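Below is entry26.cif, which holds mmCIF, C-alpha atoms.
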```
data_my_file
loop_
_atom_site.label_atom_id
_atom_site.label_comp_id
_atom_site.auth_asym_id
_atom_site.auth_seq_id
_atom_site.Cartn_x
_atom_site.Cartn_y
_atom_site.Cartn_z
CA MET A 1199 22.04 -31.30 41.37
CA SER A 1200 19.69 -30.80 38.46
CA THR A 1201 19.86 -28.39 35.60
CA HIS A 1202 16.74 -26.65 34.33
CA VAL A 1203 16.55 -25.20 30.84
CA THR A 1204 13.85 -22.69 30.18
CA THR A 1205 12.83 -21.76 26.66
CA HIS A 1206 10.46 -18.99 25.69
CA ARG A 1207 8.68 -18.77 22.41
CA PRO A 1208 6.49 -15.72 21.85
CA ALA A 1209 3.01 -16.16 20.53
CA ARG A 1210 4.18 -14.60 17.24
CA ASP A 1211 7.87 -14.53 16.36
CA ASP A 1212 7.30 -12.86 12.99
CA VAL A 1213 6.29 -9.52 14.48
CA THR A 1214 8.35 -6.79 16.09
CA PHE A 1215 6.63 -3.98 17.91
CA GLY A 1216 7.75 -0.47 18.56
CA ARG A 1217 8.83 2.61 16.69
CA ASP A 1218 11.74 0.83 14.99
CA ALA A 1219 9.76 -2.26 14.12
CA THR A 1220 10.79 -3.93 10.88
CA PRO A 1221 8.39 -6.58 9.63
CA THR A 1222 10.11 -9.71 8.42
CA ARG A 1223 7.20 -11.77 7.22
CA ARG A 1224 6.96 -12.01 3.44
CA GLY A 1225 4.30 -12.88 0.96
CA GLY A 1226 2.50 -11.73 -2.18
CA ARG A 1227 1.17 -8.41 -3.37
CA SER A 1228 -2.27 -9.40 -4.57
CA TRP A 1229 -4.02 -7.29 -1.95
CA SER A 1230 -2.09 -4.13 -2.83
CA LEU A 1231 -2.70 -4.73 -6.54
CA ALA A 1232 -6.39 -4.93 -5.63
CA GLY A 1233 -5.98 -1.47 -4.11
CA ILE A 1234 -4.66 -0.13 -7.41
CA GLY A 1235 -7.62 -1.66 -9.19
CA ALA A 1236 -10.06 -0.25 -6.64
CA GLY A 1237 -8.57 3.22 -6.97
CA LEU A 1238 -8.83 3.11 -10.76
CA ALA A 1239 -12.38 1.83 -10.45
CA GLY A 1240 -13.12 4.81 -8.23
CA PHE A 1241 -12.12 7.17 -11.01
CA GLY A 1242 -14.16 5.06 -13.41
CA ILE A 1243 -17.18 5.56 -11.17
CA LEU A 1244 -16.69 9.32 -11.23
CA ALA A 1245 -16.31 9.37 -15.01
CA THR A 1246 -19.30 7.18 -15.85
CA THR A 1247 -21.69 8.84 -13.41
CA THR A 1248 -20.65 12.26 -14.69
CA ALA A 1249 -21.56 11.07 -18.19
CA VAL A 1250 -25.17 10.55 -17.03
CA ASN A 1251 -26.06 14.20 -16.71
CA GLY A 1252 -29.62 14.80 -17.90
CA VAL A 1253 -30.75 16.15 -14.56
CA TYR A 1254 -27.75 18.48 -14.40
CA ASP A 1255 -28.38 20.04 -17.82
CA LYS A 1256 -29.43 23.61 -17.04
CA ASP A 1257 -31.14 23.93 -20.40
CA LEU A 1258 -33.54 21.15 -19.40
CA ALA A 1259 -34.39 22.49 -15.95
CA GLY A 1260 -38.13 22.29 -15.34
CA HIS A 1261 -38.71 19.84 -18.19
CA PRO A 1262 -38.84 16.35 -16.63
CA GLN A 1263 -39.78 14.57 -19.86
CA GLU A 1264 -36.80 16.01 -21.71
CA ILE A 1265 -34.55 15.14 -18.80
CA ALA A 1266 -35.80 11.55 -18.87
CA ASP A 1267 -35.30 11.39 -22.64
CA LYS A 1268 -31.71 12.56 -22.32
CA ILE A 1269 -30.98 10.06 -19.55
CA ALA A 1270 -32.49 7.31 -21.71
CA GLY A 1271 -29.83 8.07 -24.31
CA GLN A 1272 -27.06 7.62 -21.74
CA THR A 1273 -27.77 4.05 -20.67
CA GLY A 1274 -24.39 2.89 -22.02
CA ALA A 1275 -22.67 4.90 -19.31
CA MET A 1276 -25.09 3.42 -16.76
CA PHE A 1277 -24.17 -0.13 -17.75
CA ALA A 1278 -20.47 0.73 -17.53
CA PHE A 1279 -20.97 2.41 -14.16
CA HIS A 1280 -22.73 -0.59 -12.69
CA SER A 1281 -19.99 -3.06 -13.63
CA ILE A 1282 -17.15 -0.76 -12.62
CA ALA A 1283 -18.80 0.06 -9.29
CA VAL A 1284 -19.40 -3.56 -8.28
CA VAL A 1285 -15.92 -4.71 -9.33
CA GLY A 1286 -14.43 -1.74 -7.51
CA ALA A 1287 -16.37 -2.56 -4.35
CA LEU A 1288 -15.14 -6.15 -4.40
CA LEU A 1289 -11.56 -4.97 -4.86
CA LEU A 1290 -11.96 -2.52 -1.98
CA ILE A 1291 -12.82 -5.39 0.35
CA VAL A 1292 -9.80 -7.43 -0.78
CA PHE A 1293 -7.60 -4.38 -0.33
CA GLY A 1294 -9.11 -3.67 3.06
CA VAL A 1295 -8.44 -7.19 4.35
CA GLY A 1296 -4.87 -7.10 3.05
CA LEU A 1297 -4.20 -3.68 4.55
CA PHE A 1298 -5.63 -4.88 7.86
CA HIS A 1299 -3.17 -7.79 8.00
CA ARG A 1300 -0.28 -5.59 6.84
CA LEU A 1301 -0.88 -3.00 9.53
CA ARG A 1302 -1.62 -5.56 12.22
CA ALA A 1303 1.75 -7.21 11.57
CA VAL A 1304 3.44 -4.19 13.14
CA ALA A 1305 0.61 -2.83 15.28
CA ALA A 1306 -1.33 -5.76 16.69
CA ASP A 1307 -1.92 -3.79 19.88
CA SER A 1308 -3.52 -0.87 18.02
CA ALA A 1309 -7.07 -0.24 16.82
CA ALA A 1310 -5.71 1.35 13.63
CA PRO A 1311 -5.74 -1.84 11.49
CA LEU A 1312 -9.39 -2.50 12.32
CA VAL A 1313 -10.28 1.14 11.62
CA ALA A 1314 -8.63 0.88 8.19
CA LEU A 1315 -10.57 -2.29 7.39
CA ALA A 1316 -13.87 -0.82 8.59
CA GLY A 1317 -13.33 2.30 6.50
CA LEU A 1318 -12.69 0.41 3.26
CA VAL A 1319 -15.44 -2.15 3.79
CA GLY A 1320 -17.85 0.66 4.63
CA THR A 1321 -16.89 2.47 1.43
CA ALA A 1322 -17.47 -0.72 -0.56
CA VAL A 1323 -20.97 -0.98 0.93
CA VAL A 1324 -21.72 2.64 -0.03
CA VAL A 1325 -20.56 2.00 -3.60
CA VAL A 1326 -22.72 -1.11 -3.91
CA MET A 1327 -25.72 0.79 -2.54
CA GLY A 1328 -25.00 3.56 -5.03
CA SER A 1329 -25.30 1.06 -7.87
CA GLY A 1330 -28.35 -0.70 -6.44
CA LEU A 1331 -30.95 1.04 -8.61
CA ASP A 1332 -29.13 0.57 -11.91
CA THR A 1333 -30.98 -2.38 -13.42
CA GLU A 1334 -34.37 -0.97 -12.47
CA PHE A 1335 -33.74 2.18 -14.46
CA MET A 1336 -31.22 1.46 -17.20
CA MET A 1337 -33.17 -1.53 -18.49
CA SER A 1338 -36.49 0.31 -18.49
CA LEU A 1339 -35.04 3.46 -20.02
CA SER A 1340 -33.10 1.60 -22.72
CA GLN A 1341 -36.22 -0.37 -23.71
CA ASP A 1342 -38.55 2.62 -23.28
CA ASP A 1343 -41.18 0.41 -21.68
CA LYS A 1344 -42.73 3.35 -19.81
CA SER A 1345 -42.41 1.54 -16.48
CA VAL A 1346 -40.23 4.31 -15.04
CA ASP A 1347 -41.85 7.59 -14.07
CA ILE A 1348 -40.06 10.60 -15.56
CA TYR A 1349 -39.68 12.17 -12.13
CA ASN A 1350 -38.11 9.01 -10.74
CA ALA A 1351 -35.67 8.99 -13.64
CA ALA A 1352 -34.44 12.39 -12.51
CA LEU A 1353 -34.14 11.12 -8.95
CA TYR A 1354 -32.09 8.15 -10.17
CA ASN A 1355 -29.72 10.52 -11.94
CA HIS A 1356 -29.26 12.41 -8.68
CA TRP A 1357 -28.71 9.11 -6.85
CA ILE A 1358 -25.83 7.87 -8.99
CA GLY A 1359 -24.40 11.39 -9.15
CA THR A 1360 -24.06 11.56 -5.38
CA ILE A 1361 -24.10 8.33 -3.36
CA PRO A 1362 -21.23 6.49 -5.14
CA TRP A 1363 -19.11 9.61 -4.62
CA VAL A 1364 -19.31 9.50 -0.82
CA TRP A 1365 -15.95 7.90 -0.01
CA VAL A 1366 -15.53 9.61 3.35
CA LEU A 1367 -14.98 6.33 5.22
CA ALA A 1368 -12.01 5.49 2.98
CA GLY A 1369 -10.26 8.44 4.57
CA LEU A 1370 -10.07 6.46 7.82
CA ALA A 1371 -7.81 3.93 6.10
CA GLY A 1372 -5.36 6.68 5.20
CA LEU A 1373 -5.32 8.10 8.70
CA ALA A 1374 -4.92 4.63 10.21
CA THR A 1375 -1.99 3.92 7.89
CA TYR A 1376 -0.35 7.14 9.02
CA VAL A 1377 -0.76 6.20 12.68
CA VAL A 1378 0.92 2.84 12.10
CA SER A 1379 3.68 4.40 9.97
CA ARG A 1380 4.80 6.39 13.00
CA ARG A 1381 5.90 3.08 14.57
CA GLY A 1382 8.36 2.58 11.72
CA GLY A 1383 6.87 -0.60 10.27
CA VAL A 1384 5.30 1.12 7.24
CA PRO A 1385 7.17 3.35 4.76
CA ARG A 1386 6.89 6.89 6.04
CA TRP A 1387 5.90 8.39 2.69
CA ILE A 1388 2.91 6.07 2.46
CA GLY A 1389 1.86 7.18 5.93
CA ARG A 1390 2.22 10.86 5.04
CA ALA A 1391 0.21 10.37 1.87
CA GLY A 1392 -2.44 8.69 4.02
CA LEU A 1393 -2.44 11.63 6.42
CA VAL A 1394 -2.88 14.23 3.67
CA LEU A 1395 -5.33 12.40 1.41
CA GLY A 1396 -7.13 10.59 4.22
CA GLY A 1397 -7.47 13.73 6.28
CA LEU A 1398 -8.74 15.69 3.29
CA THR A 1399 -11.24 12.93 2.44
CA VAL A 1400 -12.63 12.93 5.97
CA LEU A 1401 -12.85 16.73 6.09
CA LEU A 1402 -14.64 16.85 2.75
CA GLY A 1403 -17.04 14.18 3.97
CA ILE A 1404 -17.83 16.22 7.06
CA SER A 1405 -18.36 19.37 5.01
CA PRO A 1406 -21.22 20.10 2.57
CA LEU A 1407 -18.74 19.18 -0.18
CA GLU A 1408 -19.01 15.49 0.75
CA TYR A 1409 -19.24 14.31 -2.85
CA MET A 1410 -15.71 15.57 -3.52
CA ALA A 1411 -14.56 12.84 -1.12
CA GLY A 1412 -14.99 10.47 -4.05
CA LEU A 1413 -12.07 12.14 -5.83
CA THR A 1414 -9.67 12.28 -2.89
CA GLY A 1415 -10.80 8.87 -1.60
CA ALA A 1416 -10.15 7.14 -4.93
CA LEU A 1417 -6.76 8.87 -5.16
CA LEU A 1418 -5.93 7.76 -1.61
CA VAL A 1419 -6.71 4.11 -2.39
CA LEU A 1420 -4.76 4.27 -5.65
CA VAL A 1421 -1.68 5.88 -4.09
CA THR A 1422 -1.74 3.52 -1.09
CA GLY A 1423 -2.09 0.50 -3.35
CA ILE A 1424 0.83 1.64 -5.50
CA GLY A 1425 2.86 2.43 -2.42
CA PHE A 1426 2.52 -1.01 -0.88
CA THR A 1427 3.05 -2.67 -4.27
CA VAL A 1428 6.29 -0.97 -5.27
CA GLY A 1429 7.51 0.77 -2.13
CA ASP A 1430 7.20 -1.87 0.58
CA LYS A 1431 10.02 -4.20 -0.35
CA GLN A 1432 10.82 -5.25 3.22
CA TYR A 1433 7.43 -6.84 3.62
CA ARG A 1434 5.24 -8.95 1.41
CA LEU A 1435 1.97 -10.37 2.77
#
```
Transcribe the structure of this file into structure tokens.
Amino acid sequence: MSTHVTTHRPARDDVTFGRDATPTRRGGRSWSLAGIGAGLAGFGILATTTAVNGVYDKDLAGHPQEIADKIAGQTGAMFAFHSIAVVGALLLIVFGVGLFHRLRAVAADSAAPLVALAGLVGTAVVVVMGSGLDTEFMMSLSQDDKSVDIYNAALYNHWIGTIPWVWVLAGLAGLATYVVSRRGGVPRWIGRAGLVLGGLTVLLGISPLEYMAGLTGALLVLVTGIGFTVGDKQYRL
């Protein structure tokens, strides 16, 4: 008579699925700190682009040369915007990858983690594109080398006053976090914040008020980053 012993080891023994899932895997908080940095950078983008306002000065409407002259005096804000935007985009990608792994740890069978990652990476791409014309204009305007047409200078002001504000895709990360939080593996308050701020960001992006998504999107990333940094003690990635 022989005795057979059968052992079973799941593919991943550090993950529990279901509504009452409690992640047990631990690690650092660098990715969530990156989210805090990205959120702050988002507000920096809004502040610095608002400071470049020649084309929005109603007193200069219809006077392209005066608009270009005013913008030329605001190149300091352009330099600051460029650096803040690129650093913020890089931090968004780090945050996105970390959030993807954090959500996947309790929802590997869901598309939500990938949606969150896609939303944040997509937002990073938009921010980089929004800063893509900076050197062409801020260098020429600061040196007054006449290589920039006055009408193009006005267009550039419109560009940085709109494109870097379109954070609609970041709203997907908030909604995805909410979906995963319903399983119990993410603090509920973080999920609810994602639902409110993420939903509002997506709705603003769909509406003609799409540039306001920059405000709610940056706030969403900041709040989510803070939440996973200080309010996710059961799990550290």
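Among the candidates A:Phe1293, A:Tyr1254, A:Tyr1376, A:Phe1279, the residue lying nearest to Gly1328 (chain A) is A:Phe1279 (atoms considered: all atoms listed in the file).
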Taking the file above as input, evaluate the PyMOL selection byres ((chain A and resi 1298) around 9) and report the hits as an NGL selection string.
-> :A and (1293-1297 or 1299-1303 or 1310-1315)
Reference answer for the PyMOL selection byres ((chain A and resi 1371) around 8), as a compact mmCIF listing (two decimals) with C-alpha atoms, keeping the file's coordinate frame:
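Final output, part18.txt:
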```txt
# COMPACT_ATOMS: atom_id res chain seq x y z
CA VAL A 1313 -10.28 1.14 11.62
CA ALA A 1314 -8.63 0.88 8.19
CA LEU A 1315 -10.57 -2.29 7.39
CA GLY A 1317 -13.33 2.30 6.50
CA LEU A 1318 -12.69 0.41 3.26
CA LEU A 1367 -14.98 6.33 5.22
CA ALA A 1368 -12.01 5.49 2.98
CA GLY A 1369 -10.26 8.44 4.57
CA LEU A 1370 -10.07 6.46 7.82
CA GLY A 1372 -5.36 6.68 5.20
CA LEU A 1373 -5.32 8.10 8.70
CA ALA A 1374 -4.92 4.63 10.21
CA THR A 1375 -1.99 3.92 7.89
CA GLY A 1392 -2.44 8.69 4.02
CA GLY A 1396 -7.13 10.59 4.22
```
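Among the candidate residues A:Gly1233, A:Pro1362, A:Gly1330, A:Gly1389, the one lying nearest to Gly1412 (chain A) is A:Pro1362, with distances computed using all atoms listed in the file.
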Residue members of the PyMOL selection byres ((chain A and resi 1402-1404) around 9) in the file shown, as a PyMOL selection string | chain A and resi 1364-1367+1369+1397-1401+1405-1411+1414
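For the pair CA of Thr1422 (chain A) and CA of Ala1283 (chain A), the interatomic distance is 19.2 Å.
For the set A:Thr1273, A:Ser1228, A:Thr1427, A:Thr1247, the residue with the smallest atom-to-atom gap to Ser1340 (chain A) is A:Thr1273, counting only C-alpha atoms.
The two atoms in question, CA of Leu1393 (chain A) and CA of Ala1236 (chain A), are spaced 19.2 Å apart.
Candidate residues A:Leu1244, A:Val1346, A:Ala1391, A:Leu1331 were compared for distance to Val1419 (chain A), and the nearest is A:Ala1391, using only C-alpha atoms.
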From the set A:Val1421, A:Asn1355, A:Leu1339, A:Ser1308, which residue has the shortest atom-to-atom contact distance to Ile1234 (chain A), counting all atoms listed in the file?
-> A:Val1421
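The smallest atom-to-atom distance between Lys1268 (chain A) and any of A:Ile1348, A:Val1377, A:Val1325, A:Ala1305, using all atoms listed in the file, is found for A:Ile1348.
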Using the file's own x, y and z axes, what box holds all listed atoms of region 1407-1419 of chain A with 5 Å on each side, keeping edges along x, y and z, and what are its centre and edge lengths in Å to one decimal, as lines of an AutoDock Vina configuration file?
```
center_x = -12.6
center_y = 11.6
center_z = -2.5
size_x = 23.3
size_y = 25.1
size_z = 16.6
```
How many Å separate CA of Val1384 (chain A) from CA of Val1304 (chain A)?
-> 8.2 Å
Quick one: region 1262-1289 of chain A with N, CA and C atoms, as a PDB file, in the coordinates of the input?
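As a result, part-v2.pdb now contains:
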```
ATOM      1  N   PRO A1262     -39.149  17.729 -17.044  1.00  0.00           N
ATOM      2  CA  PRO A1262     -38.840  16.350 -16.630  1.00  0.00           C
ATOM      3  C   PRO A1262     -38.863  15.344 -17.779  1.00  0.00           C
ATOM      4  N   GLN A1263     -39.738  15.516 -18.751  1.00  0.00           N
ATOM      5  CA  GLN A1263     -39.780  14.570 -19.860  1.00  0.00           C
ATOM      6  C   GLN A1263     -38.515  14.642 -20.700  1.00  0.00           C
ATOM      7  N   GLU A1264     -38.032  15.841 -20.940  1.00  0.00           N
ATOM      8  CA  GLU A1264     -36.800  16.010 -21.710  1.00  0.00           C
ATOM      9  C   GLU A1264     -35.598  15.488 -20.933  1.00  0.00           C
ATOM     10  N   ILE A1265     -35.626  15.682 -19.640  1.00  0.00           N
ATOM     11  CA  ILE A1265     -34.550  15.140 -18.800  1.00  0.00           C
ATOM     12  C   ILE A1265     -34.528  13.623 -18.894  1.00  0.00           C
ATOM     13  N   ALA A1266     -35.714  13.010 -18.776  1.00  0.00           N
ATOM     14  CA  ALA A1266     -35.800  11.550 -18.870  1.00  0.00           C
ATOM     15  C   ALA A1266     -35.362  11.054 -20.238  1.00  0.00           C
ATOM     16  N   ASP A1267     -35.707  11.791 -21.289  1.00  0.00           N
ATOM     17  CA  ASP A1267     -35.300  11.390 -22.640  1.00  0.00           C
ATOM     18  C   ASP A1267     -33.785  11.436 -22.799  1.00  0.00           C
ATOM     19  N   LYS A1268     -33.162  12.457 -22.217  1.00  0.00           N
ATOM     20  CA  LYS A1268     -31.710  12.560 -22.320  1.00  0.00           C
ATOM     21  C   LYS A1268     -31.031  11.429 -21.550  1.00  0.00           C
ATOM     22  N   ILE A1269     -31.544  11.146 -20.354  1.00  0.00           N
ATOM     23  CA  ILE A1269     -30.980  10.060 -19.550  1.00  0.00           C
ATOM     24  C   ILE A1269     -31.136   8.731 -20.285  1.00  0.00           C
ATOM     25  N   ALA A1270     -32.260   8.548 -20.971  1.00  0.00           N
ATOM     26  CA  ALA A1270     -32.490   7.310 -21.710  1.00  0.00           C
ATOM     27  C   ALA A1270     -31.454   7.093 -22.802  1.00  0.00           C
ATOM     28  N   GLY A1271     -30.882   8.179 -23.295  1.00  0.00           N
ATOM     29  CA  GLY A1271     -29.830   8.070 -24.310  1.00  0.00           C
ATOM     30  C   GLY A1271     -28.448   7.870 -23.727  1.00  0.00           C
ATOM     31  N   GLN A1272     -28.361   7.761 -22.409  1.00  0.00           N
ATOM     32  CA  GLN A1272     -27.060   7.620 -21.740  1.00  0.00           C
ATOM     33  C   GLN A1272     -26.946   6.294 -20.980  1.00  0.00           C
ATOM     34  N   THR A1273     -27.756   5.321 -21.398  1.00  0.00           N
ATOM     35  CA  THR A1273     -27.770   4.050 -20.670  1.00  0.00           C
ATOM     36  C   THR A1273     -26.447   3.284 -20.822  1.00  0.00           C
ATOM     37  N   GLY A1274     -25.695   3.554 -21.883  1.00  0.00           N
ATOM     38  CA  GLY A1274     -24.390   2.890 -22.020  1.00  0.00           C
ATOM     39  C   GLY A1274     -23.479   3.226 -20.850  1.00  0.00           C
ATOM     40  N   ALA A1275     -23.472   4.485 -20.460  1.00  0.00           N
ATOM     41  CA  ALA A1275     -22.670   4.900 -19.310  1.00  0.00           C
ATOM     42  C   ALA A1275     -23.198   4.269 -18.028  1.00  0.00           C
ATOM     43  N   MET A1276     -24.513   4.062 -17.944  1.00  0.00           N
ATOM     44  CA  MET A1276     -25.090   3.420 -16.760  1.00  0.00           C
ATOM     45  C   MET A1276     -24.630   1.976 -16.636  1.00  0.00           C
ATOM     46  N   PHE A1277     -24.644   1.256 -17.758  1.00  0.00           N
ATOM     47  CA  PHE A1277     -24.170  -0.130 -17.750  1.00  0.00           C
ATOM     48  C   PHE A1277     -22.707  -0.185 -17.310  1.00  0.00           C
ATOM     49  N   ALA A1278     -21.894   0.711 -17.877  1.00  0.00           N
ATOM     50  CA  ALA A1278     -20.470   0.730 -17.530  1.00  0.00           C
ATOM     51  C   ALA A1278     -20.291   1.062 -16.048  1.00  0.00           C
ATOM     52  N   PHE A1279     -21.054   2.034 -15.565  1.00  0.00           N
ATOM     53  CA  PHE A1279     -20.970   2.410 -14.160  1.00  0.00           C
ATOM     54  C   PHE A1279     -21.269   1.237 -13.246  1.00  0.00           C
ATOM     55  N   HIS A1280     -22.326   0.514 -13.554  1.00  0.00           N
ATOM     56  CA  HIS A1280     -22.730  -0.590 -12.690  1.00  0.00           C
ATOM     57  C   HIS A1280     -21.605  -1.623 -12.551  1.00  0.00           C
ATOM     58  N   SER A1281     -21.034  -2.038 -13.671  1.00  0.00           N
ATOM     59  CA  SER A1281     -19.990  -3.060 -13.630  1.00  0.00           C
ATOM     60  C   SER A1281     -18.738  -2.556 -12.921  1.00  0.00           C
ATOM     61  N   ILE A1282     -18.344  -1.334 -13.242  1.00  0.00           N
ATOM     62  CA  ILE A1282     -17.150  -0.760 -12.620  1.00  0.00           C
ATOM     63  C   ILE A1282     -17.345  -0.610 -11.116  1.00  0.00           C
ATOM     64  N   ALA A1283     -18.530  -0.164 -10.711  1.00  0.00           N
ATOM     65  CA  ALA A1283     -18.800   0.060  -9.290  1.00  0.00           C
ATOM     66  C   ALA A1283     -18.742  -1.246  -8.497  1.00  0.00           C
ATOM     67  N   VAL A1284     -19.368  -2.291  -9.015  1.00  0.00           N
ATOM     68  CA  VAL A1284     -19.400  -3.560  -8.280  1.00  0.00           C
ATOM     69  C   VAL A1284     -18.010  -4.184  -8.214  1.00  0.00           C
ATOM     70  N   VAL A1285     -17.295  -4.177  -9.338  1.00  0.00           N
ATOM     71  CA  VAL A1285     -15.920  -4.710  -9.330  1.00  0.00           C
ATOM     72  C   VAL A1285     -15.052  -3.904  -8.369  1.00  0.00           C
ATOM     73  N   GLY A1286     -15.205  -2.592  -8.415  1.00  0.00           N
ATOM     74  CA  GLY A1286     -14.430  -1.740  -7.510  1.00  0.00           C
ATOM     75  C   GLY A1286     -14.724  -2.020  -6.057  1.00  0.00           C
ATOM     76  N   ALA A1287     -15.995  -2.261  -5.729  1.00  0.00           N
ATOM     77  CA  ALA A1287     -16.370  -2.560  -4.350  1.00  0.00           C
ATOM     78  C   ALA A1287     -15.740  -3.873  -3.883  1.00  0.00           C
ATOM     79  N   LEU A1288     -15.758  -4.869  -4.747  1.00  0.00           N
ATOM     80  CA  LEU A1288     -15.140  -6.150  -4.400  1.00  0.00           C
ATOM     81  C   LEU A1288     -13.639  -5.988  -4.164  1.00  0.00           C
ATOM     82  N   LEU A1289     -12.992  -5.207  -5.021  1.00  0.00           N
ATOM     83  CA  LEU A1289     -11.560  -4.970  -4.860  1.00  0.00           C
ATOM     84  C   LEU A1289     -11.261  -4.188  -3.595  1.00  0.00           C
TER      85      LEU A1289
END
```
